[in-house]
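Next up, structure.txt (compact mmCIF, C-alpha atoms):
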```
# COMPACT_ATOMS: atom_id res chain seq x y z
CA MET A 1 4.45 3.06 -19.24
CA ARG A 2 5.85 0.88 -16.54
CA LEU A 3 4.29 -1.89 -14.52
CA GLU A 4 5.21 -1.32 -10.90
CA LYS A 5 5.04 -3.65 -7.92
CA CYS A 6 2.83 -2.90 -4.96
CA TRP A 7 5.00 -2.26 -1.93
CA PHE A 8 2.73 -4.19 0.35
CA CYS A 9 1.46 -7.23 -1.50
CA SER A 10 3.94 -7.33 -4.41
CA SER A 11 1.28 -7.58 -7.07
CA THR A 12 1.67 -5.60 -10.28
CA VAL A 13 0.19 -2.13 -10.41
CA TYR A 14 -1.14 -1.40 -13.86
CA PRO A 15 -1.43 2.16 -15.18
CA GLY A 16 -4.44 3.96 -13.82
CA HIS A 17 -4.55 2.02 -10.59
CA GLY A 18 -3.39 2.67 -7.11
CA ILE A 19 -1.85 5.44 -5.09
CA GLN A 20 1.74 6.55 -4.87
CA PHE A 21 2.90 7.89 -1.53
CA VAL A 22 6.09 9.93 -1.46
CA ARG A 23 7.72 10.19 1.93
CA ASN A 24 9.85 13.17 2.85
CA ASP A 25 13.04 11.18 2.47
CA ALA A 26 11.99 10.77 -1.20
CA LYS A 27 11.16 7.08 -0.85
CA ILE A 28 8.18 6.22 -3.02
CA PHE A 29 5.64 3.62 -1.89
CA ARG A 30 3.29 2.31 -4.52
CA PHE A 31 0.10 0.52 -3.62
CA CYS A 32 -2.11 -1.48 -5.89
CA ARG A 33 -5.33 -0.80 -4.03
CA SER A 34 -6.67 0.83 -0.93
CA LYS A 35 -6.46 -2.43 1.03
CA CYS A 36 -2.68 -2.35 0.82
CA HIS A 37 -2.61 1.40 1.39
CA LYS A 38 -4.71 1.15 4.53
CA ASN A 39 -2.59 -1.66 5.88
CA PHE A 40 0.46 0.48 5.29
CA LYS A 41 -1.11 3.38 7.14
CA MET A 42 -1.78 1.02 10.05
CA LYS A 43 1.97 0.40 10.03
CA ARG A 44 1.60 -3.31 9.44
CA ASN A 45 4.67 -5.20 8.40
CA PRO A 46 3.99 -7.03 5.12
CA ARG A 47 6.29 -9.83 6.24
CA LYS A 48 3.78 -10.66 8.95
CA VAL A 49 0.59 -10.32 6.97
CA LYS A 50 -0.37 -13.73 5.70
CA TRP A 51 -1.74 -12.95 2.26
CA THR A 52 1.23 -10.94 0.98
CA LYS A 53 3.95 -12.29 -1.24
CA ALA A 54 6.55 -11.05 1.23
CA TYR A 55 5.16 -13.34 3.94
CA ARG A 56 5.02 -16.30 1.59
CA ARG A 57 8.61 -15.81 0.51
CA VAL A 58 9.89 -15.37 4.04
CA HIS A 59 8.05 -18.45 5.31
CA GLY A 60 9.10 -20.67 2.42
CA LYS A 61 5.66 -21.06 0.88
CA ASP A 62 6.74 -19.70 -2.51
CA MET A 63 10.10 -20.23 -4.12
CA THR A 64 12.56 -17.43 -3.60
CA GLN A 65 15.64 -18.08 -5.70
CA ASP A 66 15.31 -18.98 -9.30
CA SER A 67 17.03 -17.99 -12.48
CA THR A 68 13.71 -16.93 -14.02
CA PHE A 69 13.57 -14.03 -11.54
CA GLU A 70 16.76 -12.62 -12.98
CA PHE A 71 14.92 -11.57 -16.12
CA GLU A 72 12.57 -9.34 -14.20
CA ARG A 73 15.15 -7.44 -12.18
CA LYS A 74 15.11 -3.72 -12.65
CA ARG A 75 18.08 -2.49 -14.59
CA ASN A 76 18.86 1.18 -14.23
CA LYS A 77 20.64 1.42 -17.54
CA PRO A 78 18.35 2.16 -20.49
CA GLU A 79 18.79 -0.07 -23.51
CA ARG A 80 19.19 1.37 -26.95
CA TYR A 81 16.24 0.30 -29.04
CA ASP A 82 16.99 -2.62 -31.27
CA ARG A 83 14.16 -4.14 -33.25
CA ASN A 84 15.58 -7.66 -33.20
CA LEU A 85 16.16 -7.50 -29.48
CA ALA A 86 12.63 -6.31 -28.84
CA GLU A 87 11.21 -9.05 -31.05
CA ASN A 88 13.19 -11.76 -29.26
CA VAL A 89 12.19 -10.43 -25.88
CA LEU A 90 8.53 -10.47 -26.83
CA LYS A 91 8.87 -14.07 -27.98
CA ALA A 92 10.74 -15.11 -24.86
CA ILE A 93 8.36 -13.64 -22.29
CA PRO A 94 5.64 -16.32 -22.53
CA LYS A 95 8.23 -19.10 -22.51
CA ILE A 96 9.86 -17.74 -19.38
CA ASP A 97 6.45 -17.43 -17.74
CA LYS A 98 5.65 -21.04 -18.52
CA ILE A 99 8.95 -22.24 -17.08
CA ARG A 100 8.47 -20.17 -13.97
CA VAL A 101 4.97 -21.54 -13.43
CA THR A 102 6.12 -25.14 -13.81
CA ARG A 103 8.93 -24.55 -11.34
CA GLU A 104 6.56 -22.99 -8.85
CA GLU A 105 4.22 -25.98 -9.16
CA ARG A 106 7.11 -28.30 -8.54
CA HIS A 107 8.07 -26.33 -5.46
CA HIS A 108 4.50 -26.53 -4.22
CA LYS A 109 4.39 -30.27 -4.81
CA ASN A 110 7.63 -30.72 -2.89
CA ARG A 111 6.23 -28.70 -0.06
CA MET A 112 3.06 -30.82 0.09
CA LYS A 113 4.93 -34.14 -0.26
CA GLY A 114 4.34 -35.73 3.15
CA ASN A 115 0.79 -34.57 3.20
CA LYS A 116 -1.12 -37.51 1.72
CA VAL A 117 -0.13 -39.97 4.45
CA LYS A 118 -0.97 -37.42 7.14
CA VAL A 119 -4.36 -36.69 5.61
CA GLN A 120 -5.13 -40.42 5.34
CA LYS A 121 -4.25 -41.03 8.98
CA GLU A 122 -6.38 -38.14 10.15
CA ALA A 123 -9.28 -39.33 8.04
CA THR A 124 -9.29 -42.85 9.48
CA LYS A 125 -9.11 -41.49 13.01
CA GLU A 126 -12.01 -39.16 12.40
CA LEU A 127 -14.03 -41.99 10.88
CA GLU A 128 -13.56 -44.13 13.97
CA GLN A 129 -14.34 -41.41 16.45
CA GLY A 130 -16.96 -39.38 14.74
CA ILE A 131 -19.07 -41.94 12.87
CA SER A 132 -21.88 -41.30 15.36
CA LEU A 133 -22.34 -37.86 13.83
CA VAL A 134 -23.25 -39.39 10.54
CA LYS A 135 -25.05 -42.64 11.35
CA ALA A 136 -26.93 -43.57 14.51
CA PRO A 137 -25.33 -46.33 16.59
CA LEU A 138 -28.53 -48.38 16.16
CA ALA A 139 -28.09 -48.54 12.39
CA LEU A 140 -24.48 -49.61 12.78
CA GLN A 141 -25.41 -52.43 15.09
CA GLN A 142 -28.21 -53.70 12.86
CA ASP A 143 -26.08 -53.73 9.74
CA PRO A 144 -22.49 -54.58 10.62
CA SER A 145 -21.31 -54.06 7.04
CA LEU A 146 -21.48 -50.31 7.49
CA THR A 147 -18.85 -50.25 10.20
CA LEU A 148 -15.13 -50.61 10.17
CA PRO A 149 -13.99 -54.05 11.23
CA LYS A 150 -12.71 -52.70 14.55
CA ILE A 151 -16.04 -51.52 15.97
CA LYS A 152 -17.68 -54.05 18.25
CA VAL A 153 -21.34 -54.91 17.83
CA THR A 154 -23.29 -54.95 21.11
CA VAL A 155 -25.69 -57.78 21.90
CA SER A 156 -29.39 -56.90 21.58
CA GLN A 157 -30.26 -58.30 25.09
CA GLN A 158 -28.18 -55.68 26.82
CA GLN A 159 -29.95 -53.03 24.81
CA SER A 160 -33.45 -54.00 26.06
CA GLN A 161 -32.19 -53.91 29.65
CA GLN A 162 -30.84 -50.43 29.05
CA ASN A 163 -34.16 -49.25 27.64
CA GLN A 164 -36.22 -50.13 30.76
CA PRO A 165 -34.82 -47.48 33.10
CA MET A 166 -35.40 -44.90 30.39
CA GLU A 167 -39.10 -45.73 30.15
CA GLU A 168 -39.60 -45.23 33.82
CA MET B 1 14.75 4.12 10.53
CA ALA B 2 14.06 5.84 13.81
CA ALA B 3 13.89 9.19 12.10
CA SER B 4 11.35 7.98 9.58
CA PHE B 5 9.27 6.37 12.33
CA ALA B 6 9.39 9.60 14.32
CA SER B 7 8.43 11.63 11.29
CA ARG B 8 5.58 9.24 10.62
CA CYS B 9 4.40 9.54 14.23
CA SER B 10 4.52 13.29 14.02
CA ARG B 11 2.74 13.15 10.71
CA VAL B 12 -0.08 11.10 12.23
CA SER B 13 -0.44 13.40 15.20
CA ARG B 14 -0.18 16.56 13.13
CA SER B 15 -2.55 15.32 10.48
CA LEU B 16 -5.10 14.28 13.10
CA PHE B 17 -4.96 17.78 14.52
CA ARG B 18 -5.27 19.25 11.09
CA GLY B 19 -8.17 16.94 10.32
CA LEU B 20 -9.94 18.05 13.48
CA SER B 21 -9.31 21.69 12.77
CA ASN B 22 -10.56 21.20 9.23
CA ASN B 23 -13.80 19.77 10.51
CA SER B 24 -14.46 22.90 12.54
CA PRO B 25 -16.85 25.26 10.76
CA GLY B 26 -14.98 27.61 8.50
CA LEU B 27 -15.46 29.21 5.14
CA PHE B 28 -14.94 25.90 3.37
CA THR B 29 -16.84 23.13 5.08
CA THR B 30 -16.76 19.41 4.48
CA SER B 31 -18.17 19.76 0.98
CA HIS B 32 -14.85 19.08 -0.63
CA GLU B 33 -14.05 15.51 0.26
CA MET B 34 -12.08 14.20 -2.60
CA THR B 35 -11.70 10.83 -0.89
CA CYS B 36 -14.89 8.78 -0.68
CA SER B 37 -16.44 9.62 2.66
CA ASN B 38 -16.14 6.42 4.64
CA SER B 39 -17.48 5.56 8.02
CA PHE B 40 -14.02 5.72 9.61
CA SER B 41 -13.79 9.47 8.89
CA GLN B 42 -12.92 10.02 12.54
CA LEU B 43 -9.99 7.61 12.35
CA GLN B 44 -8.81 8.28 8.79
CA GLN B 45 -7.45 11.67 7.99
CA GLN B 46 -9.41 13.59 5.40
CA ARG B 47 -6.84 15.29 3.27
CA THR B 48 -8.27 18.51 1.94
CA PHE B 49 -7.20 21.52 -0.04
CA ILE B 50 -4.77 24.17 1.11
CA GLN B 51 -6.96 27.08 2.10
CA MET B 52 -6.92 30.17 4.25
CA ARG B 53 -5.20 29.61 7.61
CA THR B 54 -3.39 26.49 6.43
CA VAL B 55 0.12 26.41 7.83
CA LEU B 56 2.70 25.10 5.45
CA LYS B 57 6.33 24.22 5.78
CA VAL B 58 8.82 26.15 3.70
CA ALA B 59 10.98 23.86 1.60
CA ASP B 60 13.71 26.28 0.58
CA ASN B 61 16.38 28.43 2.13
CA SER B 62 14.67 31.78 1.69
CA GLY B 63 14.67 32.37 5.46
CA ALA B 64 11.10 31.54 6.35
CA LYS B 65 10.21 28.36 8.20
CA LYS B 66 6.42 28.37 8.37
CA VAL B 67 3.90 30.32 6.35
CA MET B 68 0.17 30.57 6.69
CA CYS B 69 -1.92 30.64 3.55
CA ILE B 70 -3.95 33.78 3.06
CA GLN B 71 -5.38 33.14 -0.34
CA ALA B 72 -5.31 30.37 -2.89
CA LEU B 73 -5.02 31.94 -6.32
CA LYS B 74 -7.05 29.84 -8.75
CA GLY B 75 -9.49 27.43 -7.25
CA LYS B 76 -12.68 28.08 -5.37
CA LYS B 77 -12.11 25.41 -2.77
CA GLY B 78 -8.43 25.87 -2.24
CA ALA B 79 -4.99 25.18 -3.62
CA ARG B 80 -3.58 21.80 -4.53
CA LEU B 81 -0.25 20.39 -5.55
CA GLY B 82 1.45 22.73 -7.96
CA ASP B 83 -0.75 25.78 -7.40
CA THR B 84 0.42 29.18 -6.17
CA ILE B 85 -0.80 30.74 -2.96
CA VAL B 86 -0.46 34.04 -1.15
CA ALA B 87 0.90 33.49 2.32
CA SER B 88 2.03 35.34 5.40
CA VAL B 89 5.30 34.38 7.04
CA LYS B 90 4.65 33.16 10.54
CA GLU B 91 8.08 31.85 11.51
CA ALA B 92 11.42 32.79 10.05
CA HIS B 93 15.14 32.34 10.55
CA PRO B 94 16.70 35.36 12.25
CA ASN B 95 18.79 36.44 9.29
CA GLY B 96 17.03 35.50 6.11
CA LYS B 97 15.74 37.15 2.99
CA VAL B 98 12.17 37.20 4.28
CA LYS B 99 11.10 38.39 7.68
CA LYS B 100 8.20 37.44 9.87
CA GLY B 101 4.95 39.08 8.91
CA LYS B 102 5.80 39.55 5.26
CA VAL B 103 3.24 38.67 2.62
CA VAL B 104 4.73 36.38 0.01
CA TYR B 105 3.73 34.20 -2.88
CA GLY B 106 4.46 30.50 -2.80
CA VAL B 107 4.21 27.40 -4.96
CA VAL B 108 2.87 24.27 -3.28
CA VAL B 109 5.44 21.53 -3.83
CA ARG B 110 4.14 18.91 -1.42
CA ALA B 111 0.54 18.34 -0.48
CA ALA B 112 -0.97 15.69 1.74
CA MET B 113 -4.03 15.59 -0.49
CA GLN B 114 -3.65 13.24 -3.42
CA ARG B 115 -3.50 14.66 -6.88
CA GLY B 116 -4.42 12.70 -9.97
CA ARG B 117 -1.79 12.17 -12.60
CA CYS B 118 -2.49 12.01 -16.32
CA ASP B 119 -1.90 8.25 -16.40
CA GLY B 120 -4.70 7.74 -13.87
CA SER B 121 -2.64 7.11 -10.74
CA GLU B 122 -2.54 9.39 -7.73
CA VAL B 123 0.31 10.88 -5.73
CA LYS B 124 0.33 12.13 -2.21
CA PHE B 125 3.10 13.43 0.00
CA ASP B 126 3.77 13.34 3.68
CA ASP B 127 3.19 17.00 4.51
CA ASN B 128 2.26 20.37 3.03
CA ALA B 129 5.24 22.37 1.85
CA VAL B 130 5.73 25.46 -0.22
CA VAL B 131 8.56 27.19 -2.07
CA LEU B 132 8.48 30.97 -1.87
CA VAL B 133 8.48 32.79 -5.18
CA ASP B 134 8.18 36.37 -6.29
CA LYS B 135 5.42 37.86 -8.39
CA GLN B 136 7.05 36.63 -11.59
CA GLY B 137 7.30 33.06 -10.33
CA GLN B 138 11.05 32.91 -9.77
CA PRO B 139 12.04 31.29 -6.48
CA ILE B 140 13.45 33.58 -3.80
CA GLY B 141 15.69 30.93 -2.26
CA THR B 142 18.59 29.13 -3.84
CA ARG B 143 18.01 25.59 -2.62
CA VAL B 144 14.96 23.36 -2.39
CA PHE B 145 14.69 20.59 0.18
CA GLY B 146 12.82 17.35 -0.08
CA PRO B 147 11.09 15.70 -3.02
CA VAL B 148 9.06 17.73 -5.52
CA PRO B 149 6.54 16.43 -8.02
CA HIS B 150 7.04 16.73 -11.73
CA GLU B 151 3.64 18.39 -12.03
CA LEU B 152 5.64 21.62 -11.67
CA ARG B 153 6.99 21.21 -15.16
CA GLN B 154 3.55 21.57 -16.62
CA LYS B 155 2.93 24.64 -14.49
CA LYS B 156 6.14 26.16 -15.87
CA HIS B 157 8.06 26.20 -12.57
CA VAL B 158 11.14 24.81 -14.22
CA LYS B 159 13.51 26.74 -11.98
CA ILE B 160 12.21 24.96 -8.89
CA LEU B 161 12.66 21.61 -10.60
CA THR B 162 16.27 22.38 -11.41
CA LEU B 163 16.97 23.30 -7.81
CA ALA B 164 15.25 20.21 -6.43
CA GLY B 165 17.16 17.23 -5.09
CA HIS B 166 14.56 14.60 -5.81
CA ILE B 167 11.77 14.69 -8.33
CA ALA B 168 8.96 12.38 -7.32
```
Would you mind writing the file's structure down as structure tokens?
Amino acid sequence: MRLEKCWFCSSTVYPGHGIQFVRNDAKIFRFCRSKCHKNFKMKRNPRKVKWTKAYRRVHGKDMTQDSTFEFERKRNKPERYDRNLAENVLKAIPKIDKIRVTREERHHKNRMKGNKVKVQKEATKELEQGISLVKAPLALQQDPSLTLPKIKVTVSQQQSQQNQPMEE
Amino acid sequence: MAASFASRCSRVSRSLFRGLSNNSPGLFTTSHEMTCSNSFSQLQQQRTFIQMRTVLKVADNSGAKKVMCIQALKGKKGARLGDTIVASVKEAHPNGKVKKGKVVYGVVVRAAMQRGRCDGSEVKFDDNAVVLVDKQGQPIGTRVFGPVPHELRQKKHVKILTLAGHIA
């Protein structure tokens, strides 16, 4: 039994799933589900399709080079069975997974580092411009505590003058 | 790269034609749709069995180039990957062991219709190809071109497997 990788999205294909397509030059394409298979038939390039691992690696969204990936590389030489070796490998697999996950989280955090300031700036701008969507201007004028200090409060006399033409 | 793209283009065009010709009323109508009949049946190719009048490529050096299936031995709906068929040679090399018009037996080594494997996955190839054999099941040619599936081992076509370059 061997866990393969989907050619399109790079997820693992478990036994009993997916389709294997053998091209006439003997290259085998494995797909995890029909979504990937249909995209392949449409001749889409996985490096350009946003939800695939290939795209994320190429565009720097996920980390590409790490020593934890070395463990998963396919070796074409079969290993002679050794009980101790197998036991150690089985113990090591969850540890390696944990390390890989923590490194990926760190990479993600690094990627999102300048984000908080940007989000804060955008939020204040939206609050200034779009407060009318949430609260009517009348309520803001009547209760100045609801507004940001920058917003000016109009005088009520001007407001009555404005209302007259409307009534006509 | 260009060759594979060209072969894929030709595959699409040829398969579309085959799909259209399969939809025409014949002895075996659209009852055998192994793939779930989806609404894009016009766009997607419906891979079906190898039945009477199916033209197959010859994947060995026995002299023939194209054969047309006359009868699928075993199977009411048609032959699949690994089955034997009776075929008539439609196109042959000028000096080869088989001549045009001869009735031969053949083993299907590549089929565009997917075949389920015992581990639950499915395999499909790029085209329909056959290796000519005699009544006893021994191949007539001395070389086999292209990938062959290892379903042939179960069908006791070991000789073809030994001649093959790639085993899918």
key: Option closest in space to chain A, from B:Ala64, B:Val131, B:Ala164, B:Val98 [counting all atoms listed in the file]   = B:Ala164
ask   = Near B:Gly116, counting all atoms listed in the file, which residues have an atom at most 12 Å away, once you skip same-chain residues fewer than 3 positions from it, shown as number ranges by chain?
value = A: 16-20; B: 34-35, 80-82, 113, 119-124, 149, 151
ask   = For chain A against chain B, which residues fall within 10 Å using all atoms listed in the file, given as a list in words?
value = Met1, Val13, Tyr14, Pro15, Gly16, His17, Gly18, Ile19, Gln20, Phe21, Val22, Arg23, Asn24, Asp25, Ala26, Lys27, Ile28, Phe29, Arg30, Cys32, Lys38, Lys41 and Lys43 of chain A
query = Out of A:Cys6, A:Ala136, A:Met42, A:Val153, which residue has the shortest atom-to-atom distance to A:Ala54 when counting all atoms listed in the file?
reply =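 Nearest to A:Ala54: A:Cys6.
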ask   = Neighbours of stretch 57-68 of chain A within 8 Å (all atoms listed in the file; same-chain residues fewer than 3 positions away dropped), as a list in words?
value =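 Listing them by chain and then by number gives Arg47, Lys53, Ala54, Phe71, Glu72, Ile96, Ile99, Arg100, Glu104, His107, His108 and Arg111 of chain A.
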note = Taken to one decimal, the atom CA of A:Lys50-atom CA of A:Val117 distance is 26.3 Å
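Between atom CA of B:Lys57 and atom CA of B:His93 the interatomic distance comes to 12.9 Å.
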query = Residues at most 12 Å from B:Gln51, counting only C-alpha atoms, excluding those fewer than 2 positions away in the same chain, as a PyMOL selection string?
reply = chain B and resi 22+26-29+32+47-49+53-56+68-80+83-87+108+111+128
For the selection just defined, write its residues with C-alpha atoms to a file, as a PDB file, in the frame of the given file.
```
ATOM      1  CA  ASN B  22     -10.560  21.200   9.230  1.00  0.00           C
ATOM      2  CA  GLY B  26     -14.980  27.610   8.500  1.00  0.00           C
ATOM      3  CA  LEU B  27     -15.460  29.210   5.140  1.00  0.00           C
ATOM      4  CA  PHE B  28     -14.940  25.900   3.370  1.00  0.00           C
ATOM      5  CA  THR B  29     -16.840  23.130   5.080  1.00  0.00           C
ATOM      6  CA  HIS B  32     -14.850  19.080  -0.630  1.00  0.00           C
ATOM      7  CA  ARG B  47      -6.840  15.290   3.270  1.00  0.00           C
ATOM      8  CA  THR B  48      -8.270  18.510   1.940  1.00  0.00           C
ATOM      9  CA  PHE B  49      -7.200  21.520  -0.040  1.00  0.00           C
ATOM     10  CA  ARG B  53      -5.200  29.610   7.610  1.00  0.00           C
ATOM     11  CA  THR B  54      -3.390  26.490   6.430  1.00  0.00           C
ATOM     12  CA  VAL B  55       0.120  26.410   7.830  1.00  0.00           C
ATOM     13  CA  LEU B  56       2.700  25.100   5.450  1.00  0.00           C
ATOM     14  CA  MET B  68       0.170  30.570   6.690  1.00  0.00           C
ATOM     15  CA  CYS B  69      -1.920  30.640   3.550  1.00  0.00           C
ATOM     16  CA  ILE B  70      -3.950  33.780   3.060  1.00  0.00           C
ATOM     17  CA  GLN B  71      -5.380  33.140  -0.340  1.00  0.00           C
ATOM     18  CA  ALA B  72      -5.310  30.370  -2.890  1.00  0.00           C
ATOM     19  CA  LEU B  73      -5.020  31.940  -6.320  1.00  0.00           C
ATOM     20  CA  LYS B  74      -7.050  29.840  -8.750  1.00  0.00           C
ATOM     21  CA  GLY B  75      -9.490  27.430  -7.250  1.00  0.00           C
ATOM     22  CA  LYS B  76     -12.680  28.080  -5.370  1.00  0.00           C
ATOM     23  CA  LYS B  77     -12.110  25.410  -2.770  1.00  0.00           C
ATOM     24  CA  GLY B  78      -8.430  25.870  -2.240  1.00  0.00           C
ATOM     25  CA  ALA B  79      -4.990  25.180  -3.620  1.00  0.00           C
ATOM     26  CA  ARG B  80      -3.580  21.800  -4.530  1.00  0.00           C
ATOM     27  CA  ASP B  83      -0.750  25.780  -7.400  1.00  0.00           C
ATOM     28  CA  THR B  84       0.420  29.180  -6.170  1.00  0.00           C
ATOM     29  CA  ILE B  85      -0.800  30.740  -2.960  1.00  0.00           C
ATOM     30  CA  VAL B  86      -0.460  34.040  -1.150  1.00  0.00           C
ATOM     31  CA  ALA B  87       0.900  33.490   2.320  1.00  0.00           C
ATOM     32  CA  VAL B 108       2.870  24.270  -3.280  1.00  0.00           C
ATOM     33  CA  ALA B 111       0.540  18.340  -0.480  1.00  0.00           C
ATOM     34  CA  ASN B 128       2.260  20.370   3.030  1.00  0.00           C
TER      35      ASN B 128
END
```
Who sits within 10 Å of B:Thr162, only C-alpha atoms, same chain under 5 positions skipped, as a list in words =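 Once the nearby chain positions are removed, what remains is Arg143, Val144, His157 and Ile167 of chain B.
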Could those selected residues go to a file with C-alpha atoms, as a PDB file, keeping the file's coordinate frame?
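Once written, result13.pdb looks like this:
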```pdb
ATOM      1  CA  ARG B 143      18.010  25.590  -2.620  1.00  0.00           C
ATOM      2  CA  VAL B 144      14.960  23.360  -2.390  1.00  0.00           C
ATOM      3  CA  HIS B 157       8.060  26.200 -12.570  1.00  0.00           C
ATOM      4  CA  ILE B 167      11.770  14.690  -8.330  1.00  0.00           C
TER       5      ILE B 167
END
```
Between atom CA of A:Val134 and atom CA of A:Gly114, distance in Å (one decimal) =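 Going from atom CA of A:Val134 over to atom CA of A:Gly114 covers 28.8 Å.
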B:Asp134 environment, 9 Å, all atoms listed in the file, sequence neighbours closer than 3 positions dropped, as a PyMOL selection string = chain B and resi 104-106+137-140
Can you complete the atoms of stretch 133-149 of chain B to N, CA, C and O atoms and list them as a CSV table (one decimal), in the coordinates of the input?
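Saved result, selection_17.csv, follows:
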```csv
chain,number,residue,atom,x,y,z
B,133,VAL,N,8.1,32.2,-3.9
B,133,VAL,CA,8.5,32.8,-5.2
B,133,VAL,C,8.1,34.3,-5.2
B,133,VAL,O,7.4,34.7,-4.3
B,134,ASP,N,8.6,35.0,-6.1
B,134,ASP,CA,8.2,36.4,-6.3
B,134,ASP,C,7.0,36.4,-7.3
B,134,ASP,O,6.5,35.4,-7.8
B,135,LYS,N,6.6,37.7,-7.5
B,135,LYS,CA,5.4,37.9,-8.4
B,135,LYS,C,5.6,37.2,-9.8
B,135,LYS,O,4.6,36.8,-10.4
B,136,GLN,N,6.8,37.2,-10.2
B,136,GLN,CA,7.0,36.6,-11.6
B,136,GLN,C,7.1,35.1,-11.6
B,136,GLN,O,7.1,34.5,-12.7
B,137,GLY,N,7.2,34.5,-10.4
B,137,GLY,CA,7.3,33.1,-10.3
B,137,GLY,C,8.7,32.5,-10.2
B,137,GLY,O,8.9,31.3,-10.2
B,138,GLN,N,9.7,33.4,-10.0
B,138,GLN,CA,11.0,32.9,-9.8
B,138,GLN,C,11.3,32.7,-8.3
B,138,GLN,O,10.9,33.5,-7.5
B,139,PRO,N,11.9,31.6,-7.9
B,139,PRO,CA,12.0,31.3,-6.5
B,139,PRO,C,13.0,32.3,-5.8
B,139,PRO,O,14.0,32.7,-6.4
B,140,ILE,N,12.6,32.6,-4.6
B,140,ILE,CA,13.4,33.6,-3.8
B,140,ILE,C,14.7,32.9,-3.3
B,140,ILE,O,15.8,33.5,-3.2
B,141,GLY,N,14.5,31.6,-2.8
B,141,GLY,CA,15.7,30.9,-2.3
B,141,GLY,C,16.6,30.3,-3.3
B,141,GLY,O,16.3,30.4,-4.5
B,142,THR,N,17.7,29.7,-2.9
B,142,THR,CA,18.6,29.1,-3.8
B,142,THR,C,18.6,27.6,-3.8
B,142,THR,O,19.3,27.0,-4.6
B,143,ARG,N,18.0,27.0,-2.7
B,143,ARG,CA,18.0,25.6,-2.6
B,143,ARG,C,16.6,25.1,-2.3
B,143,ARG,O,15.8,25.9,-1.7
B,144,VAL,N,16.3,23.9,-2.7
B,144,VAL,CA,15.0,23.4,-2.4
B,144,VAL,C,15.2,22.0,-1.7
B,144,VAL,O,16.0,21.2,-2.1
B,145,PHE,N,14.5,21.8,-0.6
B,145,PHE,CA,14.7,20.6,0.2
B,145,PHE,C,13.5,19.6,0.0
B,145,PHE,O,12.4,20.0,-0.2
B,146,GLY,N,13.9,18.4,0.0
B,146,GLY,CA,12.8,17.4,-0.1
B,146,GLY,C,12.4,17.1,-1.5
B,146,GLY,O,12.8,17.7,-2.4
B,147,PRO,N,11.5,16.1,-1.7
B,147,PRO,CA,11.1,15.7,-3.0
B,147,PRO,C,10.1,16.7,-3.5
B,147,PRO,O,9.3,17.3,-2.8
B,148,VAL,N,10.1,16.9,-4.9
B,148,VAL,CA,9.1,17.7,-5.5
B,148,VAL,C,8.4,16.9,-6.6
B,148,VAL,O,9.0,16.0,-7.2
B,149,PRO,N,7.2,17.2,-7.0
B,149,PRO,CA,6.5,16.4,-8.0
B,149,PRO,C,6.9,17.0,-9.4
B,149,PRO,O,7.3,18.1,-9.5
```
